[in-house]
Structures are given as C-alpha cells and as structure tokens.
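Listing of start.cif, mmCIF, C-alpha atoms and all ligand atoms
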```
data_coords
#
loop_
_atom_site.label_atom_id
_atom_site.label_comp_id
_atom_site.auth_asym_id
_atom_site.auth_seq_id
_atom_site.Cartn_x
_atom_site.Cartn_y
_atom_site.Cartn_z
CA MET X 1 -65.42 -1.28 -71.02
CA LEU X 2 -67.88 0.25 -68.62
CA PRO X 3 -70.59 -2.49 -68.77
CA GLU X 4 -68.00 -5.11 -67.79
CA ARG X 5 -66.68 -2.89 -65.00
CA LEU X 6 -70.17 -2.28 -63.62
CA ALA X 7 -71.01 -5.99 -63.90
CA ARG X 8 -67.89 -6.90 -61.95
CA ALA X 9 -68.68 -4.34 -59.25
CA ILE X 10 -72.20 -5.77 -58.88
CA THR X 11 -70.92 -9.36 -58.78
CA LEU X 12 -68.47 -8.44 -56.02
CA ALA X 13 -70.55 -6.10 -53.87
CA GLY X 14 -74.14 -6.84 -54.83
CA PRO X 15 -76.70 -4.66 -56.64
CA MET X 16 -75.81 -0.95 -56.71
CA SER X 17 -78.00 2.09 -56.16
CA LEU X 18 -79.58 3.68 -59.22
CA ALA X 19 -77.65 6.88 -58.42
CA GLN X 20 -74.34 5.01 -58.57
CA PHE X 21 -75.32 3.38 -61.87
CA MET X 22 -76.45 6.68 -63.41
CA ALA X 23 -73.39 8.59 -62.19
CA ALA X 24 -70.95 6.01 -63.59
CA ALA X 25 -72.83 5.72 -66.91
CA ASN X 26 -73.05 9.48 -67.50
CA ALA X 27 -69.47 10.18 -66.43
CA HIS X 28 -68.30 7.67 -69.03
CA TYR X 29 -70.78 8.86 -71.65
CA TYR X 30 -69.83 12.55 -71.47
CA ALA X 31 -66.11 11.87 -71.04
CA THR X 32 -65.92 9.96 -74.31
CA ARG X 33 -67.97 12.01 -76.83
CA ASP X 34 -69.70 15.19 -77.92
CA PRO X 35 -73.34 14.03 -77.72
CA LEU X 36 -74.93 17.09 -79.30
CA GLY X 37 -76.20 17.71 -82.80
CA ALA X 38 -77.51 15.78 -85.78
CA THR X 39 -74.91 13.01 -85.63
CA GLY X 40 -75.13 12.75 -81.82
CA ASP X 41 -77.88 11.68 -79.46
CA PHE X 42 -79.83 14.85 -78.66
CA ILE X 43 -80.13 18.56 -79.38
CA THR X 44 -80.55 21.42 -76.92
CA ALA X 45 -82.10 24.91 -77.08
CA PRO X 46 -78.81 26.80 -77.65
CA GLU X 47 -77.95 24.38 -80.48
CA ILE X 48 -81.36 25.00 -82.07
CA SER X 49 -80.99 28.76 -82.21
CA GLN X 50 -78.62 31.60 -81.29
CA MET X 51 -81.68 33.42 -79.90
CA PHE X 52 -81.65 31.23 -76.78
CA GLY X 53 -78.13 32.23 -75.71
CA GLU X 54 -78.60 35.85 -76.74
CA LEU X 55 -81.74 36.29 -74.65
CA THR X 56 -80.05 34.53 -71.72
CA GLY X 57 -77.12 36.95 -72.00
CA LEU X 58 -79.42 39.96 -72.14
CA TRP X 59 -81.34 38.65 -69.12
CA LEU X 60 -78.09 38.50 -67.12
CA ALA X 61 -76.83 41.86 -68.41
CA ASP X 62 -80.11 43.55 -67.48
CA LEU X 63 -79.95 42.21 -63.92
CA TRP X 64 -76.29 43.15 -63.59
CA ASP X 65 -77.00 46.66 -64.87
CA ARG X 66 -79.87 47.21 -62.44
CA ALA X 67 -77.73 45.78 -59.60
CA GLY X 68 -75.31 48.67 -60.16
CA ARG X 69 -72.79 47.00 -62.50
CA PRO X 70 -70.70 45.16 -59.87
CA ALA X 71 -67.50 43.24 -60.70
CA ALA X 72 -68.79 39.89 -61.99
CA ALA X 73 -67.87 36.57 -63.60
CA TYR X 74 -69.88 34.55 -66.15
CA VAL X 75 -70.33 31.00 -64.88
CA GLU X 76 -71.84 28.12 -66.82
CA LEU X 77 -72.52 24.62 -65.57
CA GLY X 78 -72.19 21.87 -68.20
CA PRO X 79 -71.64 24.19 -71.19
CA GLY X 80 -71.72 21.43 -73.85
CA ARG X 81 -70.14 22.83 -77.02
CA GLY X 82 -69.94 26.35 -75.57
CA THR X 83 -72.61 27.61 -77.95
CA LEU X 84 -74.81 29.19 -75.28
CA ALA X 85 -71.81 30.95 -73.71
CA VAL X 86 -70.64 32.38 -77.06
CA ASP X 87 -74.11 33.72 -77.90
CA ALA X 88 -74.70 35.05 -74.37
CA LEU X 89 -71.27 36.75 -74.18
CA ARG X 90 -71.81 38.43 -77.57
CA ALA X 91 -75.16 39.82 -76.40
CA MET X 92 -73.73 40.85 -73.01
CA ALA X 93 -70.82 42.69 -74.64
CA LYS X 94 -73.31 44.83 -76.59
CA ALA X 95 -74.82 45.75 -73.22
CA GLY X 96 -71.40 46.75 -71.84
CA LEU X 97 -70.76 43.55 -69.86
CA THR X 98 -67.54 41.61 -70.64
CA PRO X 99 -66.95 39.31 -67.65
CA PRO X 100 -64.26 36.63 -67.28
CA VAL X 101 -65.61 33.18 -68.18
CA HIS X 102 -65.67 30.25 -65.73
CA LEU X 103 -66.93 26.88 -66.92
CA VAL X 104 -67.83 23.94 -64.68
CA GLU X 105 -67.29 20.90 -66.91
CA THR X 106 -65.97 17.42 -66.15
CA SER X 107 -65.75 15.99 -69.68
CA PRO X 108 -62.30 16.34 -71.33
CA VAL X 109 -63.84 15.98 -74.80
CA LEU X 110 -66.33 18.81 -74.21
CA ARG X 111 -63.70 20.96 -72.48
CA ALA X 112 -61.65 20.73 -75.68
CA ALA X 113 -64.69 21.73 -77.78
CA GLN X 114 -65.36 24.67 -75.42
CA ALA X 115 -61.70 25.77 -75.52
CA GLU X 116 -61.85 26.16 -79.30
CA ARG X 117 -64.57 28.75 -78.98
CA LEU X 118 -63.75 30.21 -75.56
CA PRO X 119 -59.94 30.19 -75.42
CA ASP X 120 -59.75 32.51 -72.40
CA ALA X 121 -62.13 30.54 -70.19
CA VAL X 122 -61.12 28.98 -66.87
CA TRP X 123 -62.35 25.42 -66.25
CA HIS X 124 -63.52 23.91 -62.97
CA ASP X 125 -64.36 20.36 -61.87
CA SER X 126 -66.89 21.68 -59.36
CA ILE X 127 -68.31 24.96 -58.07
CA GLU X 128 -65.89 24.84 -55.10
CA THR X 129 -63.09 26.55 -57.03
CA LEU X 130 -65.16 29.34 -58.66
CA PRO X 131 -63.97 32.88 -57.85
CA GLY X 132 -65.07 34.00 -54.40
CA ASP X 133 -64.77 37.76 -54.64
CA VAL X 134 -67.10 38.80 -57.50
CA ALA X 135 -70.81 38.51 -58.31
CA LEU X 136 -71.63 35.29 -60.21
CA LEU X 137 -73.76 35.47 -63.37
CA GLY X 138 -74.68 31.83 -63.83
CA VAL X 139 -76.40 29.67 -66.44
CA ALA X 140 -77.26 25.97 -66.42
CA ASN X 141 -79.15 24.59 -69.43
CA GLU X 142 -79.94 20.87 -69.47
CA PHE X 143 -77.39 20.34 -66.72
CA PHE X 144 -79.36 19.29 -63.64
CA ASP X 145 -81.19 16.55 -65.59
CA ALA X 146 -77.89 14.70 -66.04
CA LEU X 147 -77.17 14.42 -62.31
CA PRO X 148 -77.72 11.02 -60.65
CA ILE X 149 -81.12 10.31 -59.09
CA ARG X 150 -82.36 7.88 -56.47
CA GLN X 151 -85.67 6.12 -56.94
CA LEU X 152 -87.94 4.88 -54.17
CA VAL X 153 -90.44 2.26 -55.28
CA ARG X 154 -93.65 1.31 -53.54
CA GLY X 155 -93.95 -2.45 -52.92
CA SER X 156 -96.94 -4.29 -51.51
CA GLY X 157 -95.80 -3.70 -47.93
CA GLY X 158 -93.88 -0.44 -48.07
CA TRP X 159 -91.23 1.60 -49.86
CA HIS X 160 -87.91 0.26 -51.21
CA GLU X 161 -84.79 1.82 -52.66
CA ARG X 162 -84.40 0.93 -56.33
CA LEU X 163 -81.18 -0.94 -57.05
CA VAL X 164 -79.59 -2.12 -60.26
CA ALA X 165 -78.75 -5.82 -60.54
CA CYS X 166 -76.87 -7.56 -63.33
CA GLN X 167 -76.98 -10.95 -65.00
CA ASP X 168 -74.76 -11.83 -67.96
CA LEU X 169 -74.15 -8.15 -68.69
CA LEU X 170 -77.88 -7.48 -68.64
CA PHE X 171 -78.69 -4.72 -66.15
CA LEU X 172 -82.11 -4.58 -64.56
CA PRO X 173 -83.90 -2.61 -61.86
CA ILE X 174 -84.84 -4.48 -58.69
CA ALA X 175 -86.42 -3.50 -55.39
CA GLY X 176 -83.73 -3.18 -52.75
CA PRO X 177 -83.98 -2.92 -48.96
CA ALA X 178 -87.01 -1.28 -47.36
CA VAL X 179 -86.66 2.41 -46.50
CA PRO X 180 -88.32 3.96 -43.44
CA GLU X 181 -91.71 5.47 -44.24
CA ALA X 182 -90.66 8.68 -42.49
CA ILE X 183 -88.47 9.68 -45.46
CA ILE X 184 -91.45 9.50 -47.87
CA PRO X 185 -93.33 12.84 -48.23
CA GLU X 186 -96.56 12.45 -46.31
CA SER X 187 -98.81 13.24 -49.28
CA LEU X 188 -97.31 10.30 -51.23
CA ARG X 189 -97.12 7.60 -48.57
CA ASP X 190 -100.32 5.82 -49.62
CA ALA X 191 -99.39 5.56 -53.29
CA PRO X 192 -100.31 2.25 -54.99
CA PRO X 193 -97.76 -0.56 -55.49
CA GLY X 194 -95.40 0.23 -58.35
CA ALA X 195 -95.43 3.98 -57.70
CA VAL X 196 -92.03 5.69 -57.93
CA ILE X 197 -90.60 8.76 -56.17
CA GLU X 198 -87.39 10.33 -57.44
CA THR X 199 -84.90 12.43 -55.52
CA CYS X 200 -81.65 13.99 -56.69
CA PRO X 201 -79.35 14.66 -53.72
CA ALA X 202 -76.54 15.80 -56.04
CA ALA X 203 -78.74 18.52 -57.55
CA VAL X 204 -79.92 19.71 -54.15
CA ASN X 205 -76.34 19.91 -52.83
CA LEU X 206 -75.17 21.80 -55.87
CA MET X 207 -78.04 24.27 -55.73
CA ARG X 208 -77.40 24.83 -52.04
CA GLY X 209 -73.72 25.53 -52.73
CA LEU X 210 -74.51 27.95 -55.55
CA ALA X 211 -77.19 29.74 -53.54
CA ARG X 212 -74.79 30.17 -50.62
CA ARG X 213 -72.30 31.80 -52.97
CA LEU X 214 -74.94 34.07 -54.53
CA ALA X 215 -75.98 35.17 -51.04
CA ALA X 216 -72.36 35.91 -50.11
CA GLN X 217 -71.05 37.33 -53.41
CA GLY X 218 -74.10 38.67 -55.26
CA GLY X 219 -75.31 37.49 -58.64
CA ALA X 220 -77.97 35.37 -60.29
CA LEU X 221 -78.47 31.96 -61.84
CA LEU X 222 -80.79 30.90 -64.65
CA THR X 223 -81.44 27.19 -64.87
CA VAL X 224 -83.54 25.64 -67.64
CA ASP X 225 -84.54 22.00 -67.91
CA TYR X 226 -87.48 19.68 -68.31
CA GLY X 227 -89.05 19.45 -64.95
CA TYR X 228 -91.94 19.39 -62.54
CA GLN X 229 -92.88 20.71 -59.15
CA GLY X 230 -92.39 17.95 -56.59
CA PRO X 231 -92.85 16.05 -54.53
CA ALA X 232 -94.63 13.91 -57.11
CA LEU X 233 -94.95 10.33 -58.27
CA GLY X 234 -93.44 9.21 -61.56
CA ASP X 235 -90.57 7.36 -63.16
CA THR X 236 -88.79 9.85 -65.46
CA PHE X 237 -85.49 7.97 -65.73
CA GLN X 238 -84.79 7.84 -69.46
CA ALA X 239 -82.11 7.35 -72.07
CA MET X 240 -81.62 9.26 -75.31
CA ARG X 241 -79.77 7.67 -78.18
CA ALA X 242 -79.65 8.93 -81.77
CA HIS X 243 -82.53 11.35 -81.04
CA GLY X 244 -84.88 8.65 -79.75
CA PHE X 245 -85.73 7.08 -76.38
CA ALA X 246 -83.87 3.94 -75.35
CA ASN X 247 -83.96 1.53 -72.41
CA PRO X 248 -81.97 3.35 -69.70
CA TYR X 249 -80.65 0.08 -68.25
CA GLU X 250 -79.06 -0.97 -71.54
CA ASN X 251 -75.62 0.01 -72.81
CA PRO X 252 -74.46 2.01 -69.76
CA GLY X 253 -71.98 4.67 -70.84
CA ALA X 254 -73.14 4.68 -74.46
CA GLN X 255 -76.35 6.71 -74.13
CA ASP X 256 -77.42 9.84 -72.30
CA LEU X 257 -79.24 9.17 -69.01
CA THR X 258 -81.55 11.87 -67.63
CA ALA X 259 -84.39 12.45 -65.21
CA HIS X 260 -86.83 15.32 -64.95
CA VAL X 261 -85.79 18.06 -62.53
CA ASP X 262 -87.82 18.78 -59.39
CA PHE X 263 -87.84 22.58 -59.50
CA ALA X 264 -89.84 22.99 -56.29
CA THR X 265 -87.16 21.13 -54.35
CA LEU X 266 -84.36 23.13 -56.03
CA ALA X 267 -86.16 26.40 -55.26
CA ALA X 268 -86.56 25.34 -51.62
CA ALA X 269 -82.85 24.43 -51.46
CA ALA X 270 -81.90 27.86 -52.86
CA HIS X 271 -84.16 29.58 -50.37
CA SER X 272 -82.85 27.61 -47.40
CA ALA X 273 -79.29 28.60 -48.37
CA GLY X 274 -80.14 32.30 -48.31
CA ALA X 275 -80.87 33.12 -51.97
CA VAL X 276 -84.15 34.15 -53.62
CA PRO X 277 -85.84 31.72 -56.04
CA HIS X 278 -88.15 32.96 -58.82
CA GLY X 279 -90.50 30.71 -60.81
CA PRO X 280 -90.28 28.27 -62.37
CA VAL X 281 -91.94 29.65 -65.49
CA ALA X 282 -92.34 27.83 -68.79
CA GLN X 283 -89.48 28.31 -71.26
CA GLY X 284 -91.88 29.59 -73.91
CA GLN X 285 -93.32 32.16 -71.54
CA LEU X 286 -89.86 33.38 -70.47
CA LEU X 287 -88.46 33.68 -74.00
CA THR X 288 -91.60 35.52 -75.12
CA ALA X 289 -91.34 37.94 -72.20
CA LEU X 290 -87.67 38.53 -73.07
CA GLY X 291 -88.58 39.49 -76.64
CA ILE X 292 -87.91 36.42 -78.78
CA ASP X 293 -90.55 37.51 -81.31
CA ALA X 294 -88.84 40.84 -82.01
CA ARG X 295 -85.45 39.07 -82.21
CA ALA X 296 -86.86 36.46 -84.61
CA ALA X 297 -88.39 39.19 -86.78
CA ALA X 298 -85.02 40.97 -86.92
CA LEU X 299 -83.22 37.75 -87.91
CA GLY X 300 -85.75 37.08 -90.70
CA GLU X 301 -87.94 34.28 -91.97
CA ARG X 302 -85.38 31.47 -91.67
CA VAL X 303 -85.61 31.45 -87.86
CA THR X 304 -89.43 31.18 -87.58
CA ALA X 305 -89.30 27.38 -87.22
CA ASP X 306 -86.54 27.64 -84.57
CA ARG X 307 -88.57 30.19 -82.62
CA ASP X 308 -91.58 27.84 -82.69
CA ARG X 309 -89.46 24.92 -81.56
CA LEU X 310 -88.26 26.84 -78.48
CA VAL X 311 -91.57 28.52 -77.60
CA SER X 312 -94.59 26.54 -78.75
CA PRO X 313 -96.39 24.45 -76.10
CA GLU X 314 -96.39 21.40 -78.41
CA GLN X 315 -92.61 21.55 -78.64
CA MET X 316 -90.18 22.78 -75.95
CA GLY X 317 -92.21 25.73 -74.70
CA THR X 318 -94.07 24.10 -71.81
CA LEU X 319 -92.10 20.93 -71.04
CA PHE X 320 -89.01 23.03 -70.35
CA GLN X 321 -89.13 25.25 -67.29
CA ALA X 322 -86.85 28.05 -66.13
CA LEU X 323 -85.96 28.68 -62.50
CA ALA X 324 -84.11 31.87 -61.53
CA VAL X 325 -82.16 32.32 -58.31
CA THR X 326 -80.88 35.74 -57.27
CA ALA X 327 -78.83 37.13 -54.42
CA PRO X 328 -80.93 38.77 -51.73
CA GLY X 329 -81.18 42.49 -52.46
CA TRP X 330 -80.64 41.99 -56.18
CA PRO X 331 -83.30 43.35 -58.54
CA HIS X 332 -86.26 41.23 -59.68
CA PRO X 333 -85.32 39.25 -62.81
CA ALA X 334 -87.09 40.02 -66.12
CA GLY X 335 -89.65 37.45 -67.24
CA PHE X 336 -90.47 36.14 -63.76
CA ALA X 337 -93.81 37.66 -62.76
N1 LIG Q 1 -75.67 23.08 -71.63
C1 LIG Q 1 -75.32 22.44 -72.89
C2 LIG Q 1 -75.01 20.93 -72.75
C3 LIG Q 1 -76.01 20.07 -72.04
S1 LIG Q 1 -75.45 18.38 -71.91
C4 LIG Q 1 -76.43 22.67 -73.88
O1 LIG Q 1 -77.50 23.14 -73.49
O2 LIG Q 1 -76.23 22.41 -75.06
C5 LIG Q 1 -74.88 18.28 -70.21
C6 LIG Q 1 -73.56 18.98 -69.95
O3 LIG Q 1 -73.24 18.84 -68.56
C7 LIG Q 1 -72.35 18.46 -70.70
O4 LIG Q 1 -71.48 19.53 -70.98
C8 LIG Q 1 -71.73 17.48 -69.67
O5 LIG Q 1 -70.40 17.16 -69.93
C9 LIG Q 1 -71.94 18.26 -68.40
N2 LIG Q 1 -71.98 17.47 -67.16
C10 LIG Q 1 -72.72 16.37 -66.91
N3 LIG Q 1 -72.55 15.96 -65.63
C11 LIG Q 1 -71.69 16.83 -65.07
C12 LIG Q 1 -71.12 16.95 -63.76
N4 LIG Q 1 -71.42 16.09 -62.79
N5 LIG Q 1 -70.26 17.98 -63.54
C13 LIG Q 1 -69.96 18.87 -64.51
N6 LIG Q 1 -70.48 18.80 -65.75
C14 LIG Q 1 -71.32 17.79 -66.03
#
```
How does the structure come out when it is put into structure tokens?
Ligand code: SAH
Amino acid sequence: MLPERLARAITLAGPMSLAQFMAAANAHYYATRDPLGATGDFITAPEISQMFGELTGLWLADLWDRAGRPAAAYVELGPGRGTLAVDALRAMAKAGLTPPVHLVETSPVLRAAQAERLPDAVWHDSIETLPGDVALLGVANEFFDALPIRQLVRGSGGWHERLVACQDLLFLPIAGPAVPEAIIPESLRDAPPGAVIETCPAAVNLMRGLARRLAAQGGALLTVDYGYQGPALGDTFQAMRAHGFANPYENPGAQDLTAHVDFATLAAAAHSAGAVPHGPVAQGQLLTALGIDARAAALGERVTADRDRLVSPEQMGTLFQALAVTAPGWPHPAGFA
C-alpha cells in the first residue's frame, strides 16, 4: 500500500518534499485506475463533449495546412481514455490530415483504454522518444496540472520549503528548511506570513523539451488547463475524489492531486527554448473563436448544455486557459489574437 510505503520512507529519511509526495501519489493513482467519468473522480472537457476534440483537431489541421502540409505526427500528453484523440483525428481526417499517433502516457491502465480506441498508436514514457524527423502536432489537456509542484511558504522570519511529515499514517504539511530569499520573485518577497508560492519544475522542463523539438522539427502544441499568470501567491494544491474536493494530504494514491498551472512561466520556458508562445486565452474565448456555436447548432439541441459547460464564464469558460506554442516561422494559430 502506498500510504504505508510513504510513511516508512518518511520515518527513515525524514519529511519529504511536497513534489516527491505528489509525484508518488499521482503515479500510483493513475497507474491503478481510470479516474474519468461519472463513476470516477472527475470529468474533463473532451469527456463532456465531442466538440472539444473536434475543434482541437481542426485547429491543428488549419495550422498544418497553412504551414504547407509538412510530414507530421499527432502527439498527445496524458490522453486519458483517448477520447480527445479520437475526436481530433476524425476532424483532422476530414481536413486531409491523417498523421501517425504518438501518445505520452505512463499509466498501464489508461494505455490499455487508449489502445482499445487507438490500436495503431505508439506509446511513450516521456517526450524523449517521440519521432525526431517530422513536425509535431501536440495536445495536452489537463496534463500539466497533474505534475508535481513545490511550495514555498512564508514564515515569520523568511521563506521555507513545504515538506510533508507523517504521524501514524496521517500526512501533514510542515515548514521545512529556510530557502534563500534570492529564489523568491522580488515582487512577492514581502508577502505576509502564511503566503504560499508554487513552482512546477517538472512542467517547466517538459515545456522546454517540447519547445526545443518544435523549434527543430516544426509543429505546434495546444495546452489547456486551469491556470493563472505567475508569479503569484496562492495555495492551489487540491485533491478531487468522486467529483468533490478532498484533503490533498489524505489517502495518497487514492485521489487525484492537482495544482493550477502557471501559464506565464510555461510561456517563458517555451520562448527561452526557441518556440513562439501565444496566449493564454480563456477556453470559452478560444472555443467560440473556433466556431463552437456553429458546431453546436449543427449537432442539435441536445448539446446546448455541453456547449455552455465548456464556454460559459460561470463554468469552465474562464477558469480554463489555453496556451499555444508554435515553431518559429509557423503561421499564427487561430483563436489567439
Ligand atoms: N487528457 C485527458 C486526461 C487527463 S488526466 C482528458 O482530458 O480527459 C491526466 C492524464 O495524464 C492521464 O492520462 C494520466 O495517466 C497522465 N499522466 C499523469 N502524469 C503523467 C506523467 N508524469 N507522464 C505521462 N502521463 C501522465
């Protein structure tokens, strides 16, 4: 059992970083179940409506077409049940684009679910093994939010790394060793005691790696998640269980741990690695610009509620943001002013 294993590790080596705790909990969580849907813990945009994947596919096909129809591969990070990929590939095929499919997925359970619907796909543990000789048409929906974060907490005297301690299988956040003030963004240094700054080194590394490949191979990436433009203060570490919020320090490995994505930092990482970031723009704004209203009208009355769920500011429309990254010299992506 994961809680026992984590407890033993903490007893032996002392409190662990929040990133270590989150990485171990999510690896176990995703490896052992399909978390999506009514009987699972949460639902995502492509599971709400086929329109999400279709518009994503058309967005990629349009860029590819205007880039001169180069040899390309479809790449998805954390494809869940494969629903987005199926909808996007169907829409892309209508636009004359039928690329090979490469999926970056670590969970064996979700790989099996994806294989049922995408039998010809090639799976990867990381972006390192993706093809190196074609343009990459990439998608990442609710992927970056699952990557492990660090938290820095302001104490009375200075900033500390947040660690996770354990007593009798009860996990709890504590303030760890002091961190040098120089690593705190200047605008946030004087925050009041209790303030929290989050960073996600894993997300930054991954975005840098992808951007380097886009710059070298051509292509584009669309990433959608709940997020903000950092640096900012705030504790967004949360757990989802059975469609509700739960204490993220309880039941490690049995509930989905996420944190909001810092899109400004990801955009800067993409830029520094030689690619061109666009946005972020709100999900509702992007889907509207890509024609979700016409698509919903064509599909009929039954999808009106789904359209509202994806687009309206009270639902997913504003909380979720989309960041595009393109290869230098590639055309400007639709929906990003
Ligand atoms: N994109 C899907 C699923 C989102 S859930 C959707 O929108 O419905 C997060 C997905 O990322 C799952 O497929 C999970 O197994 C995968 N994942 C989480 N951490 C990962 C990691 N470090 N490497 C690769 N895949 C990961």
Identify, on the basis of all atoms listed in the file, every residue whose closest approach to X:Arg111 does not exceed 12 Å; exclude the query and any residue fewer than 6 positions from it along the same chain; express the result as a ChimeraX atom specification. /X:30-34,77-82,102-105,117-119,121-125
Can you list, as a compact mmCIF listing (two decimals) with C-alpha atoms, in the frame of the given file, every protein, DNA or RNA residue that comes within 7 Å of X:Leu266 when you count all atoms listed in the file, leaving out same-chain residues fewer than 4 positions away?
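As written to disk, part_15.txt reads:
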```txt
# COMPACT_ATOMS: atom_id res chain seq x y z
CA VAL X 204 -79.92 19.71 -54.15
CA MET X 207 -78.04 24.27 -55.73
CA ASP X 262 -87.82 18.78 -59.39
CA ALA X 270 -81.90 27.86 -52.86
```
Rounded to one decimal in Å, what is the spacing between atom CA of X:Val196 and atom CA of X:Ala232? 8.7 Å
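Closest approach to ligand LIG 1 (chain Q) from the set X:Thr106, X:Gln315, X:Asn251, X:Gln217 is made by X:Thr106, with distances taken over only C-alpha atoms and all ligand atoms.
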Between atom CA of X:Ala13 and atom CA of X:Ser156, measure the distance and give it in Å to one decimal. 26.6 Å
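Each of X:Pro231, X:Ala211, X:Ala296, X:Leu222 was compared to X:Ile183 using all atoms listed in the file, and X:Pro231 turns out to be the nearest.
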From the set X:Ala146, X:Val134, X:Leu163, X:Ala178, which residue has the shortest atom-to-atom contact distance to ligand LIG 1 (chain Q), counting all atoms listed in the file? X:Ala146
One residue among X:Ala294, X:Gly230, X:Ala115, X:Val164 is nearest to X:Ser187 when using only C-alpha atoms, and that residue is X:Gly230
Neighbours of point (-94.3, 18.7, -56.9) within 12 Å, using only C-alpha atoms, written as a ChimeraX atom specification: /X:185,187-188,197-199,227-234,260-268,280
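Excluding X:Ala305 itself and same-chain residues fewer than 5 positions from it, the residues having an atom within 12 Å of it are Ile48, Ser49, Asp293, Ala296, Ala297, Gly300, Leu310, Val311, Ser312 and Gln315 of chain X, counting only C-alpha atoms.
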